[in-house]
Amino acid sequence: MQGLTSAVLAAFVAYAASWYFGLVEGNFALLLFLATIVTGAYWLAERYYFLPQRLKAVAVLEASDAKRREDLGKMGIKQVDGDIAEAKNRLLMQPWWLDWTAGLFPVIIAVFFLRSFLVEPFKIPSGSMIPTLLVGDLILVNKFTYGLRLPVLNTKITEGTPPKRGDVMVFRYPPNPSLDYIKRVVGVPGDQVEYLNKRLTINGQPLSTVSVPDFVDRVENRLYKQFEEQLGDQKHKIIFYDDRMSGVFPELNGFERKSACTYSVQGVSCKVPEGYYFMMGDNRDNSTDSRYWGFVPEKNIVGKAFFVWMHFWDFKRIGSFD
């Protein structure tokens, strides 16, 4: 078992190292699932086989010691040297390969269920959601609001509440589902979404926008025009880099349900299909989103972002947003 365990642990380390150095495309959900299965198997083996074997060995030791003392007592020897306490402790001690597997199972399964069904932490890697979320924000994502899903398979097992306009949502990037993206829900199934000349219109109704003080980008030391936008029953802020920039990214060469969209020099107009969502970043001039790669299918939903739990360079960022 020691050799087998060494090989299993080495495989996990090799995968993690390959992921870290970019040699493979990592899947943390799969890695955590496999770790739960492996450590769970060791935990069961420890509880129902290895521990009983060690307890049996201790019982044999105690019986042997008791028999020895009894035999010596019959010979009139009352003072018997030898304390078996240390030997019992050595027999009961888990070997390292069980300590690093079965011993970790309670922690790993707690993390697995917490991450899979309650909340999952993410780090914001880009500025596509500025000013709502900044690069380096560590956020929490609610995994049950939109319905619980099986880990790894992402199969929905409870209905939950459908995403609504204005929600900040984490989802699997349609062109590459192994990547997680975060954007704002702009269009829900059945909506007619138009983004023409940098003006967002939903079902023929232009969204209300109010100019607010410029956003200060402390990283680039620049000011950007900032507006407050009313989307559904929520208000949020958006920014533009340059009013003269095009209002739409050039679309990819084909994406699922592309026929539902019409592109022009003014922007894009899309009819959101059933079971799909139209997503946009709050940083309108610096966000590759549904204008660029199309709709997000319902099966790609991960959860609803709701809280910044840490930003190491600005503790004032901690708290809920929107």
# chains A, B, ... in the order shown; residues from 1 in each chain; ligands from 1

call {"tool": "closest_atom_pairs", "arguments": {"of": "range 143-184 of chain A", "to": "range 28-46 of chain A", "cutoff": "12 Å", "atoms": "only C-alpha atoms", "output": "CSV"}}
result
residue,atom,partner,partner_atom,distance
A:Leu150,CA,A:Ala29,CA,10.4
A:Pro151,CA,A:Ala29,CA,6.6
A:Val152,CA,A:Leu30,CA,5.7
A:Leu153,CA,A:Leu30,CA,9.2
A:Asn154,CA,A:Ala29,CA,10.0
A:Ser178,CA,A:Phe28,CA,9.8
A:Leu179,CA,A:Phe28,CA,10.7
A:Asp180,CA,A:Phe28,CA,11.3

call {"tool": "closest_atom_pairs", "arguments": {"of": "range 80-193 of chain A", "to": "range 207-223 of chain A", "cutoff": "12 Å", "atoms": "only C-alpha atoms", "output": "Markdown table"}}
result
| residue | atom | partner | partner_atom | distance |
| --- | --- | --- | --- | --- |
| A:Gly127 | CA | A:Asp217 | CA | 10.4 |
| A:Ile130 | CA | A:Phe215 | CA | 9.2 |
| A:Pro131 | CA | A:Phe215 | CA | 7.3 |
| A:Thr132 | CA | A:Phe215 | CA | 10.8 |
| A:Leu134 | CA | A:Asp217 | CA | 9.7 |
| A:Val135 | CA | A:Val219 | CA | 9.7 |
| A:Gly136 | CA | A:Val219 | CA | 11.6 |
| A:Arg165 | CA | A:Leu207 | CA | 11.7 |
| A:Gly166 | CA | A:Leu207 | CA | 11.7 |
| A:Val186 | CA | A:Leu207 | CA | 10.7 |
| A:Val193 | CA | A:Leu207 | CA | 10.8 |

call {"tool": "atom_distance", "arguments": {"atom1": "CA of Ser116 in chain A", "atom2": "CA of Leu148 in chain A"}}
result
8.4 Å

call {"tool": "atom_distance", "arguments": {"atom1": "CA of Thr288 in chain A", "atom2": "CA of Pro175 in chain A"}}
result
11.9 Å

call {"tool": "select_by_dssp", "arguments": {"residues": "range 30-182 of chain A", "states": "alpha helix (DSSP H)", "output": "ChimeraX atom specification"}}
result
/A:30-45,51-74,85-92,96-99,105-117

call {"tool": "atom_distance", "arguments": {"atom1": "CA of Lys88 in chain A", "atom2": "CA of Ala102 in chain A"}}
result
20.7 Å

call {"tool": "closest_residue", "arguments": {"among": "A:Lys67, A:Arg184, A:Lys164, A:Arg199", "to": "Gln266 in chain A", "atoms": "only C-alpha atoms"}}
result
A:Arg199

call {"tool": "residues_around", "arguments": {"residues": "Lys156 in chain A", "least_positions_apart": "6", "cutoff": "10 Å", "atoms": "only C-alpha atoms", "output": "PDB file with C-alpha atoms, in the first residue's frame"}}
result
ATOM      1  CA  TYR A 146     -29.827  29.220  -9.992  1.00  0.00           C
ATOM      2  CA  GLY A 147     -30.248  25.562  -9.030  1.00  0.00           C
ATOM      3  CA  LEU A 148     -27.844  22.964  -7.682  1.00  0.00           C
ATOM      4  CA  ARG A 149     -25.617  21.183 -10.187  1.00  0.00           C
ATOM      5  CA  LEU A 150     -23.578  18.029  -9.969  1.00  0.00           C
ATOM      6  CA  GLU A 298     -28.113  27.554 -19.489  1.00  0.00           C
ATOM      7  CA  LYS A 299     -26.012  24.403 -19.056  1.00  0.00           C
ATOM      8  CA  ILE A 301     -24.088  28.500 -15.666  1.00  0.00           C
TER       9      ILE A 301
END

call {"tool": "residues_around", "arguments": {"residues": "Asn142 in chain A", "least_positions_apart": "3", "cutoff": "7 Å", "atoms": "only C-alpha atoms", "output": "PyMOL selection string"}}
result
chain A and resi 118-120+145+303-305

call {"tool": "write_last_selection", "arguments": {"atoms": "N, CA, C and O atoms", "output": "short mmCIF file (atom, residue, chain, number, x, y, z; two decimals), in the first residue's frame"}}
result
data_model
loop_
_atom_site.label_atom_id
_atom_site.label_comp_id
_atom_site.auth_asym_id
_atom_site.auth_seq_id
_atom_site.Cartn_x
_atom_site.Cartn_y
_atom_site.Cartn_z
N LEU A 118 -22.60 25.17 -2.21
CA LEU A 118 -22.92 26.38 -1.46
C LEU A 118 -22.26 27.61 -2.08
O LEU A 118 -22.92 28.40 -2.75
N VAL A 119 -20.99 27.79 -1.85
CA VAL A 119 -20.28 28.94 -2.41
C VAL A 119 -18.93 28.50 -2.95
O VAL A 119 -18.33 27.55 -2.45
N GLU A 120 -18.48 29.20 -3.98
CA GLU A 120 -17.18 28.91 -4.58
C GLU A 120 -16.40 30.22 -4.70
O GLU A 120 -16.95 31.23 -5.13
N THR A 145 -28.47 29.43 -5.95
CA THR A 145 -29.55 30.33 -6.35
C THR A 145 -30.17 29.92 -7.68
O THR A 145 -31.41 29.90 -7.84
N GLY A 303 -22.83 30.06 -11.29
CA GLY A 303 -23.48 30.63 -10.11
C GLY A 303 -23.52 32.13 -10.16
O GLY A 303 -23.04 32.78 -11.10
N LYS A 304 -24.12 32.71 -9.14
CA LYS A 304 -24.30 34.15 -9.03
C LYS A 304 -23.25 34.76 -8.11
O LYS A 304 -23.14 34.38 -6.94
N ALA A 305 -22.47 35.70 -8.63
CA ALA A 305 -21.47 36.39 -7.82
C ALA A 305 -22.17 37.41 -6.93
O ALA A 305 -23.10 38.09 -7.38
#

call {"tool": "select_by_dssp", "arguments": {"residues": "range 121-267 of chain A", "states": "strand (DSSP E)", "output": "PyMOL selection string"}}
result
chain A and resi 121-123+138-142+168-172+180-187+192-196+199-202+205-206+209-217+222-231+234-240+261-263+267

call {"tool": "residues_around", "arguments": {"residues": "Phe315 in chain A", "least_positions_apart": "6", "cutoff": "10 Å", "atoms": "only C-alpha atoms", "output": "mmCIF file with all heavy atoms, in the first residue's frame"}}
result
data_model
loop_
_atom_site.group_PDB
_atom_site.id
_atom_site.type_symbol
_atom_site.label_atom_id
_atom_site.label_comp_id
_atom_site.auth_asym_id
_atom_site.auth_seq_id
_atom_site.Cartn_x
_atom_site.Cartn_y
_atom_site.Cartn_z
ATOM 1 N N ASP A 137 -9.822 41.366 -7.156
ATOM 2 C CA ASP A 137 -10.915 41.098 -6.224
ATOM 3 C C ASP A 137 -11.083 39.594 -6.044
ATOM 4 O O ASP A 137 -11.105 38.838 -7.021
ATOM 5 C CB ASP A 137 -12.235 41.672 -6.752
ATOM 6 C CG ASP A 137 -12.390 43.164 -6.499
ATOM 7 O OD1 ASP A 137 -11.581 43.723 -5.736
ATOM 8 O OD2 ASP A 137 -13.328 43.770 -7.061
ATOM 9 N N VAL A 308 -17.444 40.449 -2.432
ATOM 10 C CA VAL A 308 -15.977 40.532 -2.464
ATOM 11 C C VAL A 308 -15.477 40.232 -1.059
ATOM 12 O O VAL A 308 -15.736 40.998 -0.125
ATOM 13 C CB VAL A 308 -15.490 41.931 -2.905
ATOM 14 C CG1 VAL A 308 -13.960 42.008 -2.841
ATOM 15 C CG2 VAL A 308 -15.970 42.245 -4.317
ATOM 16 N N TRP A 309 -14.809 39.104 -0.890
ATOM 17 C CA TRP A 309 -14.373 38.734 0.456
ATOM 18 C C TRP A 309 -12.957 39.182 0.774
ATOM 19 O O TRP A 309 -12.565 39.214 1.955
ATOM 20 C CB TRP A 309 -14.518 37.230 0.689
ATOM 21 C CG TRP A 309 -13.629 36.335 -0.135
ATOM 22 C CD1 TRP A 309 -13.893 35.807 -1.351
ATOM 23 C CD2 TRP A 309 -12.322 35.848 0.230
ATOM 24 N NE1 TRP A 309 -12.854 35.026 -1.791
ATOM 25 C CE2 TRP A 309 -11.873 35.029 -0.829
ATOM 26 C CE3 TRP A 309 -11.491 36.019 1.348
ATOM 27 C CZ2 TRP A 309 -10.635 34.397 -0.809
ATOM 28 C CZ3 TRP A 309 -10.264 35.383 1.368
ATOM 29 C CH2 TRP A 309 -9.850 34.596 0.302
#

call {"tool": "residues_around", "arguments": {"residues": "Phe240 in chain A", "least_positions_apart": "4", "cutoff": "7 Å", "atoms": "only C-alpha atoms", "output": "MDAnalysis selection string"}}
result
chainID A and resid 224:226 283:285

call {"tool": "closest_residue", "arguments": {"among": "A:Lys235, A:Arg90, A:Lys56, A:Lys183", "to": "Leu133 in chain A", "atoms": "only C-alpha atoms"}}
result
A:Lys183

call {"tool": "closest_residue", "arguments": {"among": "A:Tyr263, A:Gly281, A:Val168, A:Gly275", "to": "Ile239 in chain A", "atoms": "only C-alpha atoms"}}
result
A:Gly281

call {"tool": "closest_residue", "arguments": {"among": "A:Glu274, A:Phe306, A:Tyr20, A:Phe171", "to": "Gly319 in chain A", "atoms": "only C-alpha atoms"}}
result
A:Phe306

call {"tool": "residues_around", "arguments": {"residues": "Leu61 in chain A", "least_positions_apart": "6", "cutoff": "12 Å", "atoms": "only C-alpha atoms", "output": "ChimeraX atom specification"}}
result
/A:54-55,67-68,83-92

call {"tool": "write_last_selection", "arguments": {"atoms": "all heavy atoms", "output": "compact mmCIF listing (two decimals), in the first residue's frame"}}
result
# COMPACT_ATOMS: atom_id res chain seq x y z
N ARG A 54 -5.05 -2.90 13.55
CA ARG A 54 -4.14 -2.34 14.56
C ARG A 54 -4.70 -2.58 15.97
O ARG A 54 -3.95 -2.89 16.90
CB ARG A 54 -3.91 -0.85 14.32
CG ARG A 54 -3.22 -0.55 13.00
CD ARG A 54 -2.59 0.84 13.00
NE ARG A 54 -3.54 1.91 13.24
CZ ARG A 54 -4.31 2.48 12.30
NH1 ARG A 54 -4.22 2.05 11.04
NH2 ARG A 54 -5.14 3.45 12.60
N LEU A 55 -6.01 -2.46 16.12
CA LEU A 55 -6.64 -2.73 17.42
C LEU A 55 -6.49 -4.20 17.80
O LEU A 55 -6.28 -4.54 18.97
CB LEU A 55 -8.13 -2.35 17.37
CG LEU A 55 -8.43 -0.85 17.28
CD1 LEU A 55 -9.92 -0.62 17.10
CD2 LEU A 55 -7.92 -0.11 18.52
N LYS A 67 -0.68 -12.34 30.18
CA LYS A 67 -0.31 -13.75 30.38
C LYS A 67 1.09 -13.84 30.99
O LYS A 67 1.34 -14.65 31.90
CB LYS A 67 -0.32 -14.47 29.04
CG LYS A 67 0.03 -15.97 29.11
CD LYS A 67 -1.04 -16.73 29.88
CE LYS A 67 -0.88 -18.25 29.72
NZ LYS A 67 0.42 -18.73 30.15
N ARG A 68 2.00 -13.01 30.50
CA ARG A 68 3.37 -13.00 31.02
C ARG A 68 3.37 -12.63 32.50
O ARG A 68 4.06 -13.26 33.31
CB ARG A 68 4.20 -12.02 30.20
CG ARG A 68 5.59 -11.74 30.75
CD ARG A 68 6.39 -10.88 29.78
NE ARG A 68 7.60 -10.35 30.37
CZ ARG A 68 7.70 -9.15 30.95
NH1 ARG A 68 6.63 -8.36 31.01
NH2 ARG A 68 8.84 -8.74 31.47
N ASP A 83 6.88 -1.72 30.27
CA ASP A 83 5.62 -0.97 30.11
C ASP A 83 5.25 -1.01 28.62
O ASP A 83 6.04 -0.56 27.77
CB ASP A 83 5.81 0.48 30.56
CG ASP A 83 4.50 1.25 30.55
OD1 ASP A 83 3.48 0.69 30.09
OD2 ASP A 83 4.48 2.42 30.96
N ILE A 84 4.09 -1.54 28.33
CA ILE A 84 3.72 -1.71 26.92
C ILE A 84 3.00 -0.48 26.34
O ILE A 84 2.53 -0.50 25.20
CB ILE A 84 2.81 -2.95 26.74
CG1 ILE A 84 1.48 -2.75 27.49
CG2 ILE A 84 3.52 -4.21 27.20
CD1 ILE A 84 0.45 -3.83 27.18
N ALA A 85 2.90 0.62 27.12
CA ALA A 85 2.17 1.81 26.65
C ALA A 85 2.78 2.36 25.36
O ALA A 85 2.07 2.68 24.40
CB ALA A 85 2.17 2.88 27.73
N GLU A 86 4.10 2.45 25.32
CA GLU A 86 4.76 2.99 24.13
C GLU A 86 4.56 2.06 22.93
O GLU A 86 4.32 2.52 21.80
CB GLU A 86 6.25 3.19 24.39
CG GLU A 86 6.99 3.83 23.22
CD GLU A 86 8.45 4.08 23.51
OE1 GLU A 86 8.86 3.95 24.69
OE2 GLU A 86 9.19 4.40 22.55
N ALA A 87 4.63 0.78 23.16
CA ALA A 87 4.43 -0.19 22.09
C ALA A 87 3.00 -0.12 21.56
O ALA A 87 2.75 -0.21 20.35
CB ALA A 87 4.73 -1.60 22.59
N LYS A 88 2.01 0.10 22.46
CA LYS A 88 0.62 0.24 22.04
C LYS A 88 0.44 1.48 21.17
O LYS A 88 -0.27 1.44 20.15
CB LYS A 88 -0.29 0.32 23.27
CG LYS A 88 -0.47 -1.01 23.99
CD LYS A 88 -1.17 -0.82 25.33
CE LYS A 88 -2.53 -0.19 25.18
NZ LYS A 88 -3.23 -0.05 26.48
N ASN A 89 1.08 2.56 21.57
CA ASN A 89 0.97 3.81 20.80
C ASN A 89 1.55 3.64 19.40
O ASN A 89 1.01 4.15 18.42
CB ASN A 89 1.68 4.95 21.52
CG ASN A 89 0.93 5.41 22.76
OD1 ASN A 89 -0.29 5.25 22.84
ND2 ASN A 89 1.63 5.99 23.72
N ARG A 90 2.67 2.92 19.30
CA ARG A 90 3.29 2.68 17.99
C ARG A 90 2.38 1.83 17.12
O ARG A 90 2.28 2.05 15.90
CB ARG A 90 4.66 2.02 18.16
CG ARG A 90 5.75 2.96 18.64
CD ARG A 90 7.13 2.42 18.31
NE ARG A 90 7.35 1.10 18.91
CZ ARG A 90 7.89 0.89 20.10
NH1 ARG A 90 8.26 1.93 20.83
NH2 ARG A 90 8.06 -0.33 20.55
N LEU A 91 1.73 0.84 17.72
CA LEU A 91 0.82 -0.03 16.95
C LEU A 91 -0.42 0.73 16.47
O LEU A 91 -0.93 0.49 15.38
CB LEU A 91 0.38 -1.23 17.80
CG LEU A 91 1.43 -2.32 18.03
CD1 LEU A 91 0.90 -3.37 19.01
CD2 LEU A 91 1.79 -2.99 16.70
N LEU A 92 -0.91 1.68 17.29
CA LEU A 92 -2.12 2.41 16.95
C LEU A 92 -1.86 3.57 15.98
O LEU A 92 -2.78 4.05 15.32
CB LEU A 92 -2.79 2.97 18.22
CG LEU A 92 -3.47 1.94 19.13
CD1 LEU A 92 -3.91 2.58 20.43
CD2 LEU A 92 -4.66 1.31 18.42

call {"tool": "closest_residue", "arguments": {"among": "A:Ala16, A:Met75, A:Ile124, A:Gly22", "to": "Met310 in chain A", "atoms": "only C-alpha atoms"}}
result
A:Ile124

call {"tool": "decode", "arguments": {"residues": "range 71-84 of chain A", "atoms": "N, CA and C atoms", "output": "short mmCIF file (atom, residue, chain, number, x, y, z; two decimals), in the first residue's frame"}}
result
data_model
loop_
_atom_site.label_atom_id
_atom_site.label_comp_id
_atom_site.auth_asym_id
_atom_site.auth_seq_id
_atom_site.Cartn_x
_atom_site.Cartn_y
_atom_site.Cartn_z
N ASP A 71 1.97 -15.48 34.57
CA ASP A 71 2.92 -16.58 34.73
C ASP A 71 4.00 -16.21 35.73
N LEU A 72 4.49 -14.97 35.65
CA LEU A 72 5.52 -14.55 36.60
C LEU A 72 4.96 -14.46 38.01
N GLY A 73 3.69 -14.08 38.11
CA GLY A 73 3.07 -14.00 39.44
C GLY A 73 2.97 -15.36 40.09
N LYS A 74 2.69 -16.37 39.27
CA LYS A 74 2.63 -17.73 39.80
C LYS A 74 3.98 -18.19 40.33
N MET A 75 5.03 -17.56 39.79
CA MET A 75 6.39 -17.91 40.23
C MET A 75 6.82 -17.05 41.40
N GLY A 76 5.91 -16.22 41.87
CA GLY A 76 6.21 -15.39 43.03
C GLY A 76 6.84 -14.06 42.68
N ILE A 77 6.92 -13.75 41.41
CA ILE A 77 7.52 -12.48 40.99
C ILE A 77 6.41 -11.44 40.84
N LYS A 78 6.44 -10.47 41.77
CA LYS A 78 5.39 -9.44 41.75
C LYS A 78 5.81 -8.18 40.98
N GLN A 79 7.06 -7.83 41.03
CA GLN A 79 7.55 -6.66 40.32
C GLN A 79 8.03 -7.08 38.93
N VAL A 80 7.25 -6.65 37.90
CA VAL A 80 7.58 -7.04 36.53
C VAL A 80 8.00 -5.82 35.74
N ASP A 81 9.18 -5.89 35.16
CA ASP A 81 9.64 -4.79 34.33
C ASP A 81 8.90 -4.79 33.00
N GLY A 82 8.90 -3.60 32.36
CA GLY A 82 8.33 -3.50 31.01
C GLY A 82 6.97 -2.81 31.01
N ASP A 83 6.88 -1.72 30.27
CA ASP A 83 5.62 -0.97 30.11
C ASP A 83 5.25 -1.01 28.62
N ILE A 84 4.09 -1.54 28.33
CA ILE A 84 3.72 -1.71 26.92
C ILE A 84 3.00 -0.48 26.34
#
